[in-house]
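Visitor: Hey, dropping final_3.tsv in here, TSV, C-alpha atoms and all ligand atoms:
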```tsv
chain	number	residue	atom	x	y	z
A	15	MET	CA	0.00	0.00	0.00
A	16	LYS	CA	1.00	3.60	-0.44
A	17	ALA	CA	2.00	5.46	2.74
A	18	ALA	CA	3.73	8.66	3.86
A	19	ILE	CA	6.58	7.66	6.17
A	20	PHE	CA	8.21	9.87	8.78
A	21	LYS	CA	11.85	8.83	8.92
A	22	GLU	CA	13.89	11.77	10.11
A	23	ILE	CA	13.28	15.05	11.90
A	24	GLU	CA	12.92	18.13	9.66
A	25	LYS	CA	12.86	16.03	6.46
A	26	PRO	CA	9.87	15.68	4.09
A	27	LEU	CA	7.72	12.60	4.59
A	28	SER	CA	8.67	9.81	2.22
A	29	ILE	CA	5.93	8.43	-0.03
A	30	GLU	CA	6.56	4.71	-0.38
A	31	ASN	CA	4.95	1.39	-1.05
A	32	VAL	CA	4.90	-0.67	2.14
A	33	LYS	CA	3.29	-3.89	3.33
A	34	GLU	CA	-0.34	-3.69	4.38
A	35	PRO	CA	-0.87	-4.14	8.13
A	36	GLU	CA	-1.76	-7.65	9.26
A	37	ILE	CA	-4.44	-7.92	11.89
A	38	GLU	CA	-4.77	-10.30	14.80
A	39	GLN	CA	-7.75	-11.41	16.88
A	40	GLY	CA	-9.72	-8.40	18.15
A	41	GLU	CA	-8.09	-5.91	15.80
A	42	ILE	CA	-9.83	-4.10	12.98
A	43	LEU	CA	-8.38	-3.19	9.60
A	44	LEU	CA	-9.55	0.11	8.17
A	45	LYS	CA	-9.28	1.30	4.61
A	46	VAL	CA	-8.39	4.94	5.25
A	47	LEU	CA	-10.91	7.31	3.66
A	48	ALA	CA	-9.28	10.51	4.91
A	49	SER	CA	-6.90	11.63	7.62
A	50	GLY	CA	-6.52	15.18	8.93
A	51	LEU	CA	-3.20	16.98	9.20
A	52	CYS	CA	-2.69	18.45	12.66
A	53	HIS	CA	-0.20	20.89	14.18
A	54	GLY	CA	0.74	17.88	16.32
A	55	ASP	CA	2.13	16.24	13.17
A	56	LEU	CA	4.27	19.32	12.58
A	57	HIS	CA	5.52	19.23	16.18
A	58	ILE	CA	6.57	15.61	15.59
A	59	ILE	CA	8.13	16.27	12.17
A	60	PHE	CA	10.14	19.21	13.52
A	61	GLY	CA	11.14	17.42	16.71
A	62	ASP	CA	9.44	19.87	19.12
A	63	TRP	CA	8.04	17.04	21.23
A	64	LYS	CA	11.20	14.92	21.36
A	65	THR	CA	11.42	15.07	25.14
A	66	ASP	CA	7.71	14.51	25.86
A	67	VAL	CA	6.45	12.08	23.25
A	68	ASP	CA	8.35	8.99	22.25
A	69	VAL	CA	7.96	8.71	18.47
A	70	LYS	CA	9.93	5.79	17.07
A	71	THR	CA	10.90	6.12	13.41
A	72	PRO	CA	10.11	5.03	10.76
A	73	ILE	CA	6.42	5.53	11.39
A	74	ILE	CA	3.30	6.50	9.43
A	75	LEU	CA	1.88	9.68	11.01
A	76	GLY	CA	-1.77	10.82	10.85
A	77	HIS	CA	-3.89	10.61	14.02
A	78	GLU	CA	-7.19	12.16	12.81
A	79	ILE	CA	-8.64	9.19	10.98
A	80	ILE	CA	-11.83	8.14	9.23
A	81	GLY	CA	-11.93	4.75	7.56
A	82	GLN	CA	-14.03	1.95	6.20
A	83	VAL	CA	-14.12	-1.28	8.23
A	84	MET	CA	-12.62	-4.22	6.32
A	85	ASN	CA	-13.38	-7.09	8.75
A	86	ASP	CA	-16.39	-7.80	10.98
A	87	GLY	CA	-16.11	-7.05	14.70
A	88	LYS	CA	-18.79	-7.43	17.37
A	89	ASN	CA	-20.28	-3.98	16.94
A	90	VAL	CA	-18.85	-2.88	13.61
A	91	LYS	CA	-19.35	-4.69	10.33
A	92	LYS	CA	-17.38	-4.78	7.08
A	93	GLY	CA	-18.32	-1.69	5.07
A	94	ASP	CA	-19.14	0.59	8.04
A	95	ASN	CA	-17.55	4.03	7.98
A	96	VAL	CA	-16.01	4.94	11.32
A	97	LEU	CA	-14.09	7.71	13.07
A	98	VAL	CA	-11.23	6.57	15.27
A	99	TYR	CA	-11.36	7.78	18.89
A	100	ASN	CA	-7.60	7.90	18.97
A	101	ALA	CA	-6.53	7.23	22.57
A	102	PHE	CA	-6.09	3.54	23.33
A	103	GLY	CA	-5.53	3.18	27.08
A	104	CYS	CA	-4.97	0.24	29.43
A	105	ASN	CA	-8.66	0.22	30.50
A	106	GLU	CA	-7.56	-0.36	34.09
A	107	CYS	CA	-6.01	2.82	35.51
A	108	LYS	CA	-8.05	5.62	37.11
A	109	TYR	CA	-7.86	7.81	33.99
A	110	CYS	CA	-9.10	5.04	31.69
A	111	LYS	CA	-11.88	4.15	34.14
A	112	ARG	CA	-13.03	7.77	34.23
A	113	GLY	CA	-13.11	7.87	30.41
A	114	TYR	CA	-9.90	9.85	29.86
A	115	PRO	CA	-7.49	7.35	28.26
A	116	GLN	CA	-5.49	10.26	26.77
A	117	TYR	CA	-3.89	10.65	30.23
A	118	CYS	CA	-3.15	6.93	30.67
A	119	ASP	CA	0.53	6.06	31.24
A	120	LYS	CA	0.25	3.38	28.59
A	121	VAL	CA	-1.79	5.35	26.05
A	122	LYS	CA	-1.25	4.43	22.40
A	123	ILE	CA	-2.18	6.88	19.66
A	124	LEU	CA	-2.25	5.75	16.04
A	125	GLY	CA	0.03	8.05	14.07
A	126	VAL	CA	2.13	8.85	17.16
A	127	HIS	CA	3.04	5.56	18.84
A	128	GLU	CA	1.82	3.17	16.13
A	129	ASN	CA	1.27	3.56	12.40
A	130	GLY	CA	-1.46	6.07	11.56
A	131	GLY	CA	-3.69	7.32	8.79
A	132	PHE	CA	-1.40	8.78	6.12
A	133	ALA	CA	-1.66	5.47	4.26
A	134	GLU	CA	-4.19	3.37	2.40
A	135	TYR	CA	-4.82	1.09	5.38
A	136	VAL	CA	-4.47	1.33	9.14
A	137	LYS	CA	-4.74	-1.26	11.88
A	138	VAL	CA	-6.90	-0.40	14.90
A	139	PRO	CA	-6.17	-2.28	18.18
A	140	SER	CA	-9.77	-2.34	19.41
A	141	GLU	CA	-13.19	-1.77	17.89
A	142	ASP	CA	-14.28	-0.11	21.16
A	143	ASN	CA	-12.62	3.08	19.87
A	144	LEU	CA	-14.63	3.27	16.67
A	145	VAL	CA	-17.60	5.60	16.20
A	146	LYS	CA	-19.90	4.83	13.28
A	147	VAL	CA	-20.66	7.75	10.94
A	148	SER	CA	-22.30	8.45	7.63
A	149	GLY	CA	-21.71	11.32	5.24
A	150	ASN	CA	-18.80	12.80	3.33
A	151	PRO	CA	-15.61	11.33	4.86
A	152	ILE	CA	-13.53	14.40	3.98
A	153	ASP	CA	-15.83	16.66	5.99
A	154	LEU	CA	-16.12	14.13	8.81
A	155	ALA	CA	-12.38	13.46	9.29
A	156	PRO	CA	-11.57	16.65	11.29
A	157	LEU	CA	-14.12	15.65	13.94
A	158	ALA	CA	-11.74	12.92	15.17
A	159	ASP	CA	-9.17	15.34	16.58
A	160	ALA	CA	-9.69	19.06	15.82
A	161	GLY	CA	-13.44	18.78	16.33
A	162	LEU	CA	-13.23	16.67	19.46
A	163	THR	CA	-10.61	18.93	21.03
A	164	ALA	CA	-12.74	21.96	20.14
A	165	TYR	CA	-15.83	20.37	21.63
A	166	SER	CA	-14.17	19.36	24.88
A	167	SER	CA	-12.57	22.83	25.22
A	168	VAL	CA	-15.97	24.58	25.30
A	169	LYS	CA	-18.67	22.02	26.16
A	170	ASP	CA	-19.28	23.11	29.76
A	171	ILE	CA	-19.12	26.87	29.16
A	172	GLU	CA	-22.30	28.52	30.44
A	173	GLU	CA	-24.85	30.12	28.08
A	174	GLY	CA	-24.21	33.81	27.55
A	175	SER	CA	-20.59	33.79	28.77
A	176	ASN	CA	-18.13	36.31	27.38
A	177	VAL	CA	-15.39	34.25	25.73
A	178	ALA	CA	-12.12	35.17	24.01
A	179	LEU	CA	-10.45	32.67	21.70
A	180	LEU	CA	-6.75	33.11	21.00
A	181	GLY	CA	-5.65	31.64	17.67
A	182	THR	CA	-7.37	30.98	14.37
A	183	GLY	CA	-6.58	27.35	13.53
A	184	ALA	CA	-9.13	24.63	12.84
A	185	VAL	CA	-9.71	23.84	16.52
A	186	SER	CA	-10.53	27.46	17.29
A	187	MET	CA	-12.80	27.70	14.21
A	188	ILE	CA	-14.84	24.67	15.24
A	189	ALA	CA	-14.94	25.76	18.90
A	190	LEU	CA	-16.33	29.14	17.86
A	191	GLN	CA	-19.22	27.49	16.04
A	192	ILE	CA	-20.04	25.32	19.07
A	193	LEU	CA	-19.90	28.37	21.35
A	194	LYS	CA	-22.29	30.27	19.07
A	195	LEU	CA	-24.87	27.53	19.66
A	196	LYS	CA	-24.87	28.66	23.31
A	197	ASN	CA	-25.33	32.37	22.70
A	198	THR	CA	-21.96	33.29	24.04
A	199	LYS	CA	-20.31	36.57	23.20
A	200	THR	CA	-17.11	35.75	21.31
A	201	THR	CA	-13.95	37.69	20.54
A	202	VAL	CA	-11.31	36.04	18.38
A	203	VAL	CA	-7.72	37.20	18.55
A	204	GLY	CA	-5.16	36.32	15.89
A	205	ARG	CA	-2.51	37.47	13.46
A	206	ASN	CA	-3.91	36.34	10.12
A	207	TYR	CA	-6.47	38.65	8.43
A	208	PHE	CA	-7.87	35.94	6.17
A	209	LYS	CA	-8.48	33.57	9.05
A	210	LEU	CA	-10.00	36.34	11.17
A	211	SER	CA	-12.43	37.26	8.41
A	212	LYS	CA	-13.41	33.57	8.22
A	213	MET	CA	-14.06	33.77	11.97
A	214	LEU	CA	-16.45	36.70	11.39
A	215	GLU	CA	-18.19	34.65	8.73
A	216	LEU	CA	-18.55	31.81	11.24
A	217	GLY	CA	-20.25	34.13	13.73
A	218	ALA	CA	-17.54	35.78	15.84
A	219	ASP	CA	-18.90	38.96	17.43
A	220	LYS	CA	-15.54	40.67	17.24
A	221	VAL	CA	-12.08	39.95	15.90
A	222	ILE	CA	-8.87	41.59	17.01
A	223	VAL	CA	-5.74	41.62	14.87
A	224	VAL	CA	-2.55	41.20	16.84
A	225	LYS	CA	0.47	42.97	15.49
A	226	ASN	CA	2.89	42.83	18.39
A	227	ASN	CA	1.96	41.28	21.68
A	228	TYR	CA	-1.30	39.42	22.32
A	229	SER	CA	-2.03	40.82	25.78
A	230	GLU	CA	-1.05	44.40	24.93
A	231	ASP	CA	-3.00	44.49	21.67
A	232	LEU	CA	-5.97	42.77	23.25
A	233	SER	CA	-6.11	44.95	26.35
A	234	SER	CA	-5.70	48.13	24.33
A	235	LYS	CA	-8.73	47.17	22.21
A	236	ILE	CA	-11.05	45.88	24.92
A	237	GLY	CA	-10.44	48.60	27.52
A	238	ARG	CA	-11.98	47.55	30.82
A	239	GLU	CA	-13.89	44.60	29.41
A	240	LYS	CA	-13.03	41.25	30.97
A	241	PHE	CA	-13.76	37.71	29.81
A	242	ASP	CA	-15.39	34.85	31.67
A	243	TYR	CA	-13.21	32.47	29.66
A	244	ILE	CA	-10.08	32.93	27.63
A	245	ILE	CA	-9.21	29.86	25.60
A	246	ASP	CA	-5.70	29.76	24.24
A	247	TYR	CA	-5.48	27.59	21.14
A	248	VAL	CA	-1.84	28.54	20.63
A	249	GLY	CA	-0.09	28.20	23.98
A	250	SER	CA	2.98	30.29	23.20
A	251	ASN	CA	4.86	32.83	25.33
A	252	GLU	CA	3.18	35.54	23.25
A	253	THR	CA	-0.39	34.38	23.84
A	254	LEU	CA	0.06	33.57	27.54
A	255	LYS	CA	1.91	36.67	28.73
A	256	ASP	CA	-0.27	38.71	31.15
A	257	VAL	CA	-3.37	36.93	29.89
A	258	LEU	CA	-4.77	36.39	33.41
A	259	TRP	CA	-5.34	40.15	33.82
A	260	MET	CA	-8.09	40.02	31.21
A	261	ILE	CA	-10.14	37.36	32.97
A	262	ASP	CA	-13.18	38.37	35.00
A	263	ARG	CA	-13.87	37.26	38.57
A	264	MET	CA	-14.43	33.50	38.84
A	265	GLY	CA	-13.29	33.23	35.23
A	266	GLU	CA	-11.07	30.62	33.67
A	267	LEU	CA	-8.05	30.36	31.40
A	268	ARG	CA	-8.07	27.23	29.28
A	269	ILE	CA	-4.93	26.21	27.45
A	270	VAL	CA	-5.35	23.95	24.44
A	271	GLY	CA	-2.48	24.80	22.07
A	272	GLU	CA	0.88	23.18	22.58
A	273	PHE	CA	3.46	25.68	21.42
A	274	GLY	CA	5.40	25.30	24.64
A	275	GLY	CA	4.95	28.78	26.15
A	276	GLU	CA	5.49	29.66	29.78
A	277	PHE	CA	3.97	32.40	31.90
A	278	THR	CA	3.96	33.76	35.41
A	279	VAL	CA	0.90	33.48	37.61
A	280	PRO	CA	0.20	36.44	39.94
A	281	GLU	CA	-0.90	34.55	43.03
A	282	GLN	CA	-3.00	37.33	44.59
A	283	LEU	CA	-4.85	37.96	41.36
A	284	MET	CA	-5.79	34.29	41.27
A	285	VAL	CA	-7.04	34.33	44.85
A	286	LEU	CA	-8.80	37.69	44.91
A	287	ARG	CA	-10.60	37.03	41.64
A	288	GLY	CA	-11.10	33.31	42.20
A	289	LEU	CA	-9.55	32.45	38.83
A	290	ARG	CA	-8.97	28.98	37.44
A	291	ILE	CA	-6.45	27.62	34.94
A	292	LYS	CA	-7.11	24.39	33.09
A	293	GLY	CA	-5.33	22.39	30.41
A	294	VAL	CA	-7.43	20.64	27.77
A	295	LEU	CA	-6.09	17.61	25.92
A	296	TYR	CA	-8.39	15.88	23.42
A	297	GLY	CA	-11.76	14.68	24.78
A	298	THR	CA	-13.75	11.60	25.73
A	299	LYS	CA	-15.33	9.06	23.40
A	300	LYS	CA	-18.73	10.27	24.62
A	301	ASP	CA	-17.75	13.82	23.58
A	302	LEU	CA	-16.96	12.50	20.10
A	303	GLU	CA	-20.37	10.84	19.86
A	304	GLU	CA	-22.12	14.05	20.96
A	305	LEU	CA	-20.08	16.05	18.46
A	306	VAL	CA	-21.02	13.71	15.59
A	307	LYS	CA	-24.67	14.31	16.50
A	308	ILE	CA	-24.22	18.11	16.30
A	309	PHE	CA	-22.41	17.71	12.97
A	310	ASN	CA	-25.19	15.51	11.59
A	311	GLU	CA	-27.69	18.23	12.53
A	312	LYS	CA	-25.62	20.50	10.23
A	313	LYS	CA	-24.94	22.95	13.05
A	314	ILE	CA	-21.18	23.08	12.48
A	315	LYS	CA	-18.73	22.89	9.57
A	316	THR	CA	-15.32	21.27	9.78
A	317	LEU	CA	-13.78	23.41	7.01
A	318	ALA	CA	-11.85	20.54	5.44
A	319	VAL	CA	-9.28	21.41	2.75
A	320	PRO	CA	-8.50	18.21	0.79
A	321	TYR	CA	-5.06	17.12	-0.43
A	322	LYS	CA	-3.99	13.84	-2.05
A	323	LEU	CA	-1.54	11.61	-0.18
A	324	ASP	CA	1.09	12.43	-2.84
A	325	GLU	CA	0.65	16.11	-1.96
A	326	ILE	CA	1.21	15.67	1.78
A	327	ASN	CA	4.50	17.56	1.90
A	328	MET	CA	2.82	20.48	0.16
A	329	ALA	CA	0.03	20.33	2.75
A	330	ILE	CA	2.65	20.39	5.53
A	331	ASP	CA	4.27	23.43	3.93
A	332	ASP	CA	0.89	25.15	3.55
A	333	LEU	CA	0.02	24.49	7.20
A	334	LEU	CA	3.40	25.73	8.34
A	335	ASN	CA	3.04	28.91	6.32
A	336	GLU	CA	-0.53	29.70	7.44
A	337	ARG	CA	-2.03	29.10	4.00
A	338	ILE	CA	-4.76	26.74	5.22
A	339	ILE	CA	-8.02	28.26	6.43
A	340	GLY	CA	-9.59	25.29	8.19
A	341	ARG	CA	-8.21	21.76	8.30
A	342	ALA	CA	-5.99	20.05	5.74
A	343	VAL	CA	-7.30	16.55	5.12
A	344	ILE	CA	-5.17	13.95	3.35
A	345	ILE	CA	-6.92	11.48	1.05
A	346	PRO	CA	-5.07	8.27	0.20
B	401	ZN	ZN	-3.76	16.42	16.70
B	402	ZN	ZN	-5.05	3.44	31.58
```
Would you kindly transcribe this structure into structure tokens?
Ligand SMILES: [Zn+2]
Ligand SMILES: [Zn+2]
Guide:
Amino acid sequence: MKAAIFKEIEKPLSIENVKEPEIEQGEILLKVLASGLCHGDLHIIFGDWKTDVDVKTPIILGHEIIGQVMNDGKNVKKGDNVLVYNAFGCNECKYCKRGYPQYCDKVKILGVHENGGFAEYVKVPSEDNLVKVSGNPIDLAPLADAGLTAYSSVKDIEEGSNVALLGTGAVSMIALQILKLKNTKTTVVGRNYFKLSKMLELGADKVIVVKNNYSEDLSSKIGREKFDYIIDYVGSNETLKDVLWMIDRMGELRIVGEFGGEFTVPEQLMVLRGLRIKGVLYGTKKDLEELVKIFNEKKIKTLAVPYKLDEINMAIDDLLNERIIGRAVIIP
């Protein structure tokens, strides 16, 4: 089968013919219909996560996967189209038992720890992680990661809250649409004019263009306004600096992006305003099922931008250079 192989840091992926995966008892073989390209893939390709995530090369990347089932399981049948809930835990630790296998010590992610979706076929360790779907696979693919992360980053935000979203990537774009279903007031902050105008189209109440520093540009435009929630989909030094000063009493900073920023926390501000800080990594399988329902009701768009598998290095370059408005989706 044809696959895009990650062999070496900072090198293009290599398009090669490799052996199809062989499945054992309990495993499911998927014919990949589409697989989204995530900033996480870039972090792996450029070696940003070397110390945190153990990626053994050569490996097929691609962790945002939709595929067609090739062999019957107990709950899925040959021919079903499925999204992969891509966190395979031990099923025994406290995180797995609570439904958060992404925090499991032994978590396996296809396209990170095992071969993923930038190929014609992918092997799935357990059918328990498959969610049946129908519809256009290209549009559905981003639900598996960008959509799920977006959903889990905003699902418990109260109706009518005043929310600022930092960053204009696919996760932020999907999160905005979910927030608008709850009548929140939304301000989107970013650097890219084209992406910000897309945010207005998707229902943002206000967009703010950052030229220099996120907190300075934001505070100069909002004056005394404060947010109930600020959700940082970037997570860099630039987005995090002084961000807590713009959060209202009992408000919350959520950090979703993984650009490796650091910031100082003014202790008294936290206490006197009763602020909270929370990290958001992926979501639960139940979240994914709820999200698919919202998508089927045509309440959100995933903004998929299709590329062929042969064009994957171009897609990587486009993502890196901010040319993608929405989510790049690779079709084998
Ligand atoms: Zn990802
Ligand atoms: Zn576990």
Visitor: Could you give me the centre and size, in Å to one decimal, of an axis-aligned box around all listed atoms of range 31-39 of chain A with 8 Å added on every side, as JSON?
Guide:
```
{"center_x": -1.4, "center_y": -5.0, "center_z": 7.9, "size_x": 28.7, "size_y": 28.8, "size_z": 33.9}
```
Visitor: Identify which of the residues A:Cys107, A:Ala101, A:Leu75, A:Ile236 lies closest to Asp55 in chain A, counting only C-alpha atoms when measuring atom-to-atom distances.
Guide: A:Leu75
Visitor: Considering all atoms listed in the file, state which residue in the set A:Lys33, A:His77, A:Lys25, A:Lys313 is at the smallest distance from Ile344 in chain A.
Guide: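 Closest to Ile344 in chain A, using all atoms listed in the file: A:His77.
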Visitor: Within 10 Å of ligand ZN 401 (chain B) (counting only C-alpha atoms and all ligand atoms), which residues show up? I'd like them as an NGL selection string.
Guide: :A and (50-57 or 76-78 or 100 or 125-126 or 156 or 158-163 or 185 or 295-296)
Visitor: CA of Glu252 in chain A to CA of Leu193 in chain A: how many Å, to one decimal?
Guide: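 Distance between the two atoms: 24.2 Å.
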Visitor: Which residue gives the smallest distance to Lys315 in chain A among A:Gly340, A:Pro280, A:Gly103, A:Gly174, with all atoms listed in the file counted?
Guide: A:Gly340
Visitor: Given a cut-off of 7 Å, what residues near ligand ZN 402 (chain B) show up using all atoms listed in the file, put as a PyMOL selection string?
Guide: chain A and resi 103-110+115+118-121
